[in-house]
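As provided, coords-v9.txt (compact mmCIF, C-alpha atoms) reads as follows.
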```
# COMPACT_ATOMS: atom_id res chain seq x y z
CA MET D 66 108.43 -31.20 25.48
CA THR D 67 109.71 -34.13 23.42
CA GLU D 68 113.46 -34.33 22.80
CA ARG D 69 115.11 -36.40 20.11
CA GLN D 70 117.90 -38.74 21.15
CA ALA D 71 121.32 -37.97 19.65
CA SER D 72 124.31 -40.28 19.72
CA PRO D 73 125.96 -40.08 23.16
CA ALA D 74 128.99 -37.84 23.64
CA PRO D 75 132.16 -38.99 25.47
CA PRO D 76 131.83 -38.48 29.25
CA LEU D 77 133.21 -35.28 30.79
CA HIS D 78 134.47 -34.42 34.27
CA LEU D 79 134.58 -31.06 36.05
CA ARG D 80 135.84 -30.18 39.51
CA VAL D 81 134.06 -26.92 40.27
CA VAL D 82 131.96 -25.03 42.79
CA TRP D 83 128.52 -26.36 41.89
CA LEU D 84 126.30 -23.36 42.57
CA PRO D 85 122.99 -25.03 43.29
CA ASP D 86 124.80 -26.70 46.21
CA ASP D 87 127.49 -24.03 46.72
CA THR D 88 129.95 -26.88 47.19
CA VAL D 89 133.16 -27.94 45.47
CA ARG D 90 132.14 -31.11 43.64
CA ASP D 91 133.29 -33.54 41.03
CA VAL D 92 130.62 -33.26 38.35
CA TYR D 93 130.33 -35.91 35.64
CA VAL D 94 128.44 -35.39 32.41
CA ASP D 95 127.68 -38.73 30.81
CA GLY D 96 125.55 -38.57 27.71
CA ASP D 97 122.78 -36.09 28.46
CA ARG D 98 122.93 -36.54 32.22
CA ILE D 99 124.77 -34.92 35.12
CA GLY D 100 125.87 -36.98 38.10
CA PHE D 101 128.36 -36.92 40.94
CA ASP D 102 129.54 -40.52 40.89
CA PRO D 103 132.80 -41.20 38.99
CA VAL D 104 132.45 -42.23 35.36
CA PRO D 105 135.36 -44.30 34.00
CA GLY D 106 137.19 -42.64 31.13
CA ALA D 107 135.67 -39.20 31.66
CA ARG D 108 137.82 -36.40 30.25
CA THR D 109 138.53 -33.58 32.69
CA VAL D 110 137.57 -30.25 31.12
CA ALA D 111 137.54 -27.97 34.20
CA THR D 112 139.51 -28.04 37.45
CA ALA D 113 138.33 -24.69 38.84
CA GLY D 114 135.53 -22.19 38.51
CA TYR D 115 131.86 -21.79 39.35
CA ALA D 116 129.31 -23.90 37.49
CA LEU D 117 125.54 -23.94 37.12
CA PRO D 118 123.06 -25.83 34.91
CA GLY D 119 122.90 -23.11 32.25
CA LEU D 120 120.98 -19.85 32.12
CA VAL D 121 117.34 -19.67 31.04
CA ASP D 122 115.88 -16.87 28.91
CA ALA D 123 112.23 -17.19 29.86
CA HIS D 124 111.02 -14.57 27.38
CA CYS D 125 112.81 -14.85 24.06
CA HIS D 126 111.81 -14.94 20.39
CA ILE D 127 114.02 -16.94 18.04
CA GLY D 128 111.24 -16.70 15.45
CA ILE D 129 111.56 -12.90 15.12
CA ARG D 130 114.49 -11.07 13.54
CA ARG D 131 115.81 -7.61 14.38
CA GLY D 132 113.27 -5.05 13.21
CA ALA D 133 110.26 -7.10 14.34
CA SER D 134 109.72 -9.20 11.24
CA PRO D 135 109.23 -12.97 11.16
CA ILE D 136 112.15 -15.21 10.28
CA GLU D 137 111.82 -17.18 7.07
CA SER D 138 113.88 -20.31 7.71
CA LEU D 139 115.01 -22.74 10.35
CA ASP D 140 118.58 -21.60 9.78
CA GLU D 141 117.63 -18.09 10.91
CA ALA D 142 116.16 -19.53 14.09
CA ARG D 143 119.32 -21.57 14.63
CA THR D 144 121.51 -18.49 14.25
CA LEU D 145 119.51 -16.52 16.81
CA ALA D 146 119.38 -19.45 19.25
CA ARG D 147 123.15 -19.92 18.99
CA ALA D 148 123.72 -16.28 19.92
CA ASP D 149 121.82 -16.96 23.15
CA ARG D 150 123.54 -20.31 23.69
CA ASP D 151 127.00 -18.78 23.35
CA ALA D 152 126.06 -16.29 26.08
CA GLY D 153 125.36 -19.21 28.45
CA VAL D 154 121.60 -19.53 27.81
CA LEU D 155 120.99 -23.27 27.51
CA ALA D 156 117.20 -23.18 27.78
CA ILE D 157 114.71 -20.82 26.15
CA ARG D 158 111.01 -20.30 26.62
CA ASP D 159 110.14 -18.81 23.24
CA ALA D 160 107.29 -16.49 24.15
CA GLY D 161 105.60 -16.52 20.77
CA SER D 162 106.72 -17.04 17.19
CA PRO D 163 104.95 -16.39 13.89
CA TYR D 164 107.25 -19.01 12.34
CA PRO D 165 106.82 -22.58 13.61
CA TYR D 166 109.97 -24.60 14.28
CA PRO D 167 109.13 -27.82 16.15
CA GLU D 168 111.99 -29.48 14.25
CA LEU D 169 114.49 -27.62 16.45
CA VAL D 170 113.21 -29.11 19.70
CA GLY D 171 115.89 -31.55 20.79
CA GLU D 172 118.29 -30.71 17.96
CA ASP D 173 121.97 -31.10 18.76
CA GLY D 174 123.57 -27.74 19.53
CA MET D 175 120.25 -25.99 20.19
CA PRO D 176 119.26 -24.73 23.64
CA ARG D 177 116.37 -26.63 25.16
CA LEU D 178 113.23 -25.04 23.76
CA VAL D 179 109.84 -24.51 25.38
CA ARG D 180 107.65 -22.98 22.66
CA ALA D 181 104.50 -20.95 23.15
CA GLY D 182 103.19 -21.22 19.60
CA HIS D 183 101.94 -18.11 17.78
CA HIS D 184 101.10 -14.89 19.69
CA VAL D 185 97.36 -14.30 19.85
CA ALA D 186 96.54 -10.60 19.55
CA ALA D 187 93.69 -8.24 18.73
CA SER D 188 93.13 -7.33 15.10
CA ARG D 189 95.14 -4.26 14.06
CA ARG D 190 96.40 -3.87 17.63
CA TYR D 191 99.87 -5.41 17.52
CA LEU D 192 103.13 -5.53 15.57
CA ARG D 193 102.27 -6.12 11.93
CA GLY D 194 102.94 -9.67 10.79
CA ILE D 195 103.92 -10.93 14.25
CA GLY D 196 100.66 -11.81 15.99
CA LEU D 197 97.80 -14.09 15.04
CA GLU D 198 95.23 -11.31 14.87
CA CYS D 199 91.75 -12.13 16.15
CA GLU D 200 88.38 -10.48 16.63
CA PRO D 201 86.84 -10.79 20.11
CA ASP D 202 84.70 -13.76 19.09
CA GLU D 203 87.75 -15.61 17.73
CA VAL D 204 90.32 -15.27 20.50
CA VAL D 205 89.07 -18.04 22.82
CA GLY D 206 89.18 -20.66 20.08
CA ALA D 207 92.49 -19.36 18.72
CA LEU D 208 94.26 -19.60 22.08
CA ALA D 209 92.84 -23.09 22.68
CA ARG D 210 94.21 -24.19 19.29
CA GLN D 211 97.63 -22.69 20.00
CA ALA D 212 97.70 -24.71 23.22
CA LYS D 213 98.11 -27.81 21.07
CA LEU D 214 100.90 -26.39 18.90
CA GLY D 215 103.53 -25.38 21.46
CA ASP D 216 105.38 -27.10 24.27
CA GLY D 217 102.93 -26.48 27.07
CA TRP D 218 102.66 -22.68 26.83
CA VAL D 219 100.63 -20.12 24.89
CA LYS D 220 101.12 -16.37 24.52
CA LEU D 221 98.30 -13.83 24.67
CA VAL D 222 98.81 -10.13 23.98
CA GLY D 223 96.77 -8.51 26.74
CA ASP D 224 97.12 -4.86 25.74
CA TRP D 225 98.60 -2.50 23.18
CA ILE D 226 98.10 1.06 22.08
CA ASP D 227 94.52 1.85 21.07
CA ARG D 228 94.87 4.63 18.53
CA SER D 229 91.24 5.65 18.91
CA LYS D 230 91.90 6.36 22.59
CA GLY D 231 95.46 7.59 22.19
CA ASP D 232 96.74 5.36 24.99
CA LEU D 233 97.33 1.81 26.13
CA ALA D 234 94.17 -0.25 26.47
CA PRO D 235 93.33 -3.93 26.96
CA SER D 236 93.24 -5.95 23.75
CA PHE D 237 89.85 -7.44 24.67
CA GLU D 238 87.14 -6.99 27.25
CA PRO D 239 87.84 -8.61 30.65
CA GLU D 240 85.42 -11.46 30.11
CA VAL D 241 87.09 -12.32 26.78
CA LEU D 242 90.61 -12.26 28.25
CA THR D 243 89.43 -14.42 31.13
CA ALA D 244 87.66 -16.93 28.90
CA ALA D 245 90.69 -17.21 26.61
CA ILE D 246 93.04 -17.87 29.51
CA HIS D 247 90.74 -20.54 30.93
CA ALA D 248 90.26 -22.18 27.53
CA ALA D 249 93.99 -22.60 27.02
CA GLN D 250 94.45 -23.91 30.56
CA ALA D 251 91.65 -26.40 29.98
CA GLU D 252 93.72 -27.73 27.06
CA GLY D 253 96.63 -28.32 29.44
CA ALA D 254 98.67 -25.24 28.51
CA LYS D 255 100.07 -22.52 30.73
CA VAL D 256 99.34 -18.97 29.67
CA ALA D 257 101.83 -16.11 29.40
CA VAL D 258 100.25 -12.69 28.88
CA HIS D 259 101.96 -9.56 27.60
CA THR D 260 100.82 -6.55 29.62
CA PHE D 261 102.04 -2.99 29.98
CA SER D 262 98.88 -1.27 31.30
CA GLU D 263 97.41 -1.22 34.77
CA GLU D 264 93.96 -2.30 33.61
CA ALA D 265 95.02 -5.36 31.61
CA VAL D 266 97.41 -6.78 34.18
CA ALA D 267 94.80 -6.53 36.93
CA CYS D 268 92.38 -8.49 34.76
CA VAL D 269 94.75 -11.33 33.87
CA VAL D 270 96.01 -11.74 37.42
CA GLU D 271 92.42 -12.03 38.59
CA ALA D 272 91.81 -14.59 35.83
CA GLY D 273 94.66 -16.76 37.14
CA VAL D 274 97.20 -16.37 34.35
CA ASP D 275 100.40 -18.42 34.76
CA SER D 276 102.92 -15.68 33.99
CA VAL D 277 102.84 -11.93 33.55
CA GLU D 278 105.20 -10.72 30.85
CA HIS D 279 106.64 -7.23 31.43
CA GLY D 280 103.98 -6.20 33.97
CA THR D 281 104.85 -2.51 34.12
CA GLY D 282 101.34 -1.66 35.33
CA LEU D 283 101.35 -3.99 38.35
CA ALA D 284 99.82 -2.36 41.42
CA PRO D 285 101.00 -3.27 44.94
CA ASP D 286 97.65 -4.83 45.85
CA LEU D 287 98.07 -7.47 43.11
CA LEU D 288 101.39 -8.81 44.35
CA ASP D 289 100.19 -10.88 47.31
CA ARG D 290 97.61 -12.49 45.02
CA MET D 291 100.30 -13.33 42.48
CA ALA D 292 102.55 -14.78 45.16
CA SER D 293 99.81 -16.92 46.71
CA ARG D 294 98.78 -18.29 43.32
CA GLY D 295 102.34 -18.83 42.08
CA ILE D 296 101.88 -16.41 39.17
CA ALA D 297 105.32 -15.57 37.84
CA LEU D 298 106.66 -12.22 36.65
CA VAL D 299 109.10 -12.06 33.75
CA PRO D 300 109.90 -8.34 33.77
CA THR D 301 112.17 -8.01 30.70
CA MET D 302 113.77 -4.91 32.16
CA ILE D 303 116.07 -4.54 29.17
CA ASN D 304 112.96 -4.12 27.02
CA ILE D 305 111.40 -1.56 29.35
CA GLU D 306 114.59 0.50 29.00
CA THR D 307 113.44 1.23 25.43
CA PHE D 308 110.23 2.98 26.54
CA ASP D 309 111.76 6.45 26.28
CA ASP D 310 112.51 5.85 22.61
CA ILE D 311 109.00 4.49 22.03
CA ALA D 312 107.54 7.55 23.76
CA ALA D 313 109.66 9.95 21.71
CA GLY D 314 108.33 8.41 18.52
CA ALA D 315 104.75 8.77 19.75
CA ASP D 316 104.88 12.30 21.16
CA ALA D 317 103.47 14.06 18.11
CA LYS D 318 100.41 11.86 17.48
CA PHE D 319 99.80 10.19 20.85
CA PRO D 320 101.11 12.41 23.67
CA ARG D 321 98.97 10.69 26.32
CA TYR D 322 100.38 7.31 25.38
CA ALA D 323 103.93 8.72 25.32
CA ASP D 324 103.57 10.18 28.81
CA HIS D 325 102.09 6.92 30.08
CA MET D 326 105.02 4.88 28.73
CA ARG D 327 107.54 7.22 30.36
CA ARG D 328 105.77 6.95 33.71
CA LEU D 329 105.64 3.16 33.47
CA LYS D 330 109.36 3.00 32.76
CA GLN D 331 110.24 5.34 35.60
CA GLY D 332 108.35 3.34 38.20
CA PHE D 333 109.21 -0.12 36.95
CA PRO D 334 112.30 -0.91 39.06
CA GLU D 335 110.21 -0.37 42.18
CA VAL D 336 107.48 -2.63 40.77
CA VAL D 337 109.96 -5.47 40.22
CA ARG D 338 111.54 -4.99 43.63
CA ALA D 339 108.13 -5.00 45.33
CA ALA D 340 107.13 -8.16 43.46
CA TRP D 341 110.28 -9.96 44.57
CA GLU D 342 109.81 -8.79 48.18
CA ALA D 343 106.20 -10.06 48.11
CA GLY D 344 107.37 -13.54 47.10
CA VAL D 345 106.32 -13.39 43.46
CA PRO D 346 108.52 -15.76 41.40
CA VAL D 347 110.64 -13.48 39.19
CA TYR D 348 112.54 -14.92 36.23
CA LEU D 349 114.97 -13.62 33.65
CA GLY D 350 113.67 -12.72 30.21
CA THR D 351 115.26 -10.43 27.63
CA ASP D 352 112.46 -10.23 25.00
CA ALA D 353 115.19 -10.84 22.43
CA GLY D 354 113.88 -10.57 18.90
CA GLY D 355 112.45 -7.45 17.35
CA GLY D 356 113.99 -4.51 19.17
CA ILE D 357 116.30 -6.42 21.52
CA ASP D 358 119.38 -8.31 20.36
CA HIS D 359 119.93 -11.93 21.30
CA GLY D 360 122.67 -12.89 23.73
CA LEU D 361 121.95 -10.23 26.38
CA ALA D 362 120.97 -12.38 29.35
CA ALA D 363 123.85 -11.01 31.44
CA GLU D 364 122.61 -7.47 30.86
CA GLU D 365 119.14 -8.42 32.09
CA MET D 366 120.74 -9.98 35.18
CA ARG D 367 122.58 -6.72 35.84
CA LEU D 368 119.36 -4.68 35.60
CA LEU D 369 117.49 -7.01 37.94
CA HIS D 370 120.25 -6.46 40.49
CA GLU D 371 121.26 -2.83 40.00
CA ARG D 372 117.92 -1.28 39.06
CA ALA D 373 115.44 -3.50 40.89
CA GLY D 374 117.70 -4.25 43.85
CA ILE D 375 117.31 -8.04 43.80
CA PRO D 376 120.37 -9.62 45.46
CA ALA D 377 122.83 -11.04 42.94
CA ALA D 378 122.62 -14.54 44.42
CA ASP D 379 118.84 -14.55 43.90
CA VAL D 380 119.26 -13.23 40.36
CA VAL D 381 121.63 -16.09 39.52
CA ALA D 382 119.27 -18.68 40.99
CA ALA D 383 116.25 -17.19 39.20
CA ALA D 384 118.18 -17.13 35.93
CA SER D 385 119.26 -20.77 36.20
CA TRP D 386 118.06 -23.67 38.32
CA ARG D 387 114.88 -22.04 39.61
CA ALA D 388 113.76 -21.17 36.10
CA ARG D 389 114.58 -24.64 34.85
CA ALA D 390 112.45 -26.15 37.62
CA TRP D 391 109.61 -23.73 36.81
CA LEU D 392 109.64 -24.80 33.16
CA GLY D 393 109.74 -28.48 34.05
CA ILE D 394 113.28 -29.08 32.81
CA PRO D 395 114.75 -32.03 34.75
CA PRO D 396 117.65 -31.03 37.02
CA ASP D 397 119.98 -33.83 35.91
CA LEU D 398 120.21 -33.00 32.20
CA GLY D 399 123.67 -32.56 30.71
CA ASP D 400 123.84 -28.76 30.62
CA VAL D 401 126.61 -26.83 32.39
CA VAL D 402 128.04 -23.34 32.19
CA VAL D 403 131.32 -22.60 34.00
CA TYR D 404 132.53 -19.12 34.96
CA ASP D 405 136.00 -18.22 36.15
CA ARG D 406 134.51 -15.95 38.85
CA ASP D 407 131.55 -16.34 41.15
CA PRO D 408 128.62 -14.59 39.41
CA ARG D 409 126.89 -14.16 42.77
CA ALA D 410 129.75 -11.87 43.83
CA ASP D 411 130.24 -10.25 40.43
CA LEU D 412 127.42 -10.47 37.91
CA ASP D 413 129.80 -9.29 35.19
CA ALA D 414 131.18 -12.85 35.29
CA ALA D 415 127.98 -13.93 33.51
CA ARG D 416 129.14 -12.03 30.43
CA GLU D 417 132.10 -14.36 29.96
CA PRO D 418 131.33 -18.09 30.14
CA ALA D 419 134.58 -20.01 30.37
CA LEU D 420 133.05 -23.31 29.32
CA ILE D 421 129.68 -24.44 27.96
CA ILE D 422 128.33 -28.00 27.86
CA LEU D 423 124.96 -28.56 26.22
CA ARG D 424 123.19 -31.91 25.99
CA GLY D 425 126.39 -33.54 27.22
CA ARG D 426 128.58 -32.05 24.48
CA LEU D 427 131.36 -29.52 24.93
CA ILE D 428 130.26 -26.44 22.96
CA SER D 429 133.04 -24.06 23.90
CA GLY D 430 135.87 -23.85 26.38
CA ARG D 431 139.11 -25.52 27.18
```

Output the file's structure in the form of structure tokens.
Amino acid sequence: MTERQASPAPPLHLRVVWLPDDTVRDVYVDGDRIGFDPVPGARTVATAGYALPGLVDAHCHIGIRRGASPIESLDEARTLARADRDAGVLAIRDAGSPYPYPELVGEDGMPRLVRAGHHVAASRRYLRGIGLECEPDEVVGALARQAKLGDGWVKLVGDWIDRSKGDLAPSFEPEVLTAAIHAAQAEGAKVAVHTFSEEAVACVVEAGVDSVEHGTGLAPDLLDRMASRGIALVPTMINIETFDDIAAGADAKFPRYADHMRRLKQGFPEVVRAAWEAGVPVYLGTDAGGGIDHGLAAEEMRLLHERAGIPAADVVAAASWRARAWLGIPPDLGDVVVYDRDPRADLDAAREPALIILRGRLISGR
């Protein structure tokens, strides 16, 4: 991920509880760096509160507008990214975009972006106009090419409804999914795979995928394997909450599919809880874009805690410094979000950032 260098901002000082350390500290933001040694002339912008290095939405789409259609300009992407930024999300892994926007990487005022290029999907088996649709003999080469167009990640759609079967089914045969994953990894990219179904997720975990997106079909016997291999789960629980609406729309033509989606939704909180208990790295992702509005990271945090039962302190860590480390974002960059209350004690605090600093610049606050 290459960032452009902007002119340095005046240094800032905060005296806050620094959550990665859980210690009251004097934090100095000088240019695009955080430190704890005094910086002459730093302006004090916070004398109380709880601070962390910004939230991370690890499954977000600033290249897709509401209604699941591609954006048509960089300004649209900026608008969507700012909605996330103003909710405290200072880093985004964009999990697939039909509209390329490398110009926004490193732009002042934009969250730090880790792009996955264009979704690779099966022909006529995904949202129209969103995926790069491929036949089975094309997908390996397509994913390898996308590996060179993002920021170290690619996105593969591992399953979708198969109308001929009336239910979820893998997008490609197991050997094709496996070969595509390995081809992208050979190009130096990590692979995120969308899966809802039991069959597809078992295949991609066996293939050694880097992250499972959604993962509603995860079986208990896959979790130890994921944990031992460091395969992450980004559950997007706020997205899975929409499955009842999807099922209602499918009842008439595809009742088997509709019933399957309802069952997946019902059991999903237990799946996420079991994954966390097994030691699978779990990260926050909203799937914003399409059917989910941007700026809802705090709602996803609430669901991870209240529905999946992950302790609030672990949710906060997974949504911030742990996710930044996972994505390779250096820990000393000049990103800070301050809350008036401790989000580990009250996750509702994450809905109301008191102060936001991004790339060393004060975005909002006192």

Shell around segment 336-348 of chain D at 7 Å using all atoms listed in the file, local window under 3 positions removed, as number ranges by chain: D: 123, 283, 288-289, 291-292, 295-299, 332-333, 373-375, 383-384, 388

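Around the point (133.0, -28.7, 46.3), within 12 Å and counting only C-alpha atoms, we find these residues: Leu79, Arg80, Val81, Val82, Trp83, Leu84, Pro85, Asp86, Asp87, Thr88, Val89, Arg90, Asp91, Val92, Phe101, Thr112, Ala113, Gly114, Tyr115 and Ala116 of chain D.
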
Protein and nucleic acid residues near (99.7, 0.0, 28.6) (cut-off 12 Å, all atoms listed in the file) as a PyMOL selection string: chain D and resi 222-227+230-236+259-267+279-283+305+308+312+321-330

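The interatomic distance for the pair atom CA of Arg228 of chain D and atom CA of Gly196 of chain D works out to 17.6 Å.
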
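The nearest approach to Lys220 of chain D among the residues D:Ala181, D:Ala419, D:Ala272, D:Ala152, with all atoms listed in the file taken into account, belongs to D:Ala181.
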
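Between atom CA of Leu412 of chain D and atom CA of Arg367 of chain D there is a distance of 6.5 Å.
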
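The gap separating atom CA of Glu364 of chain D from atom CA of Val170 of chain D is 26.1 Å, in Å to one decimal.
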
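With all atoms listed in the file as the atoms that count, the minimum distance from Pro408 of chain D to the choices D:Pro105, D:Ala244, D:Leu120, D:Gly132 is reached by D:Leu120.
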
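Residue nearest Leu420 of chain D within the list D:Glu335, D:Asp173, D:Asp286, D:Asp405: D:Asp405 [criterion: smallest interatomic distance, all atoms listed in the file].
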
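When all atoms listed in the file are used to compute distances to Leu169 of chain D, the closest of the residues D:Pro135, D:Gly128, D:Gly273, D:Gly360 turns out to be D:Gly128.
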
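Minimum distance to Arg150 of chain D across D:Gly174, D:Gly96, D:Pro75, D:Pro167 (counting all atoms listed in the file) occurs at D:Gly174.
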
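For the residues D:Leu208, D:Ile136, D:Leu368, D:Leu178, ranking by smallest atom-to-atom distance to Ser162 of chain D using all atoms listed in the file places D:Ile136 first.
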
His78 of chain D surroundings by only C-alpha atoms, 8 Å radius, close-in-sequence under 3 positions cut, as an NGL selection string: :D and (91-94 or 107-111)
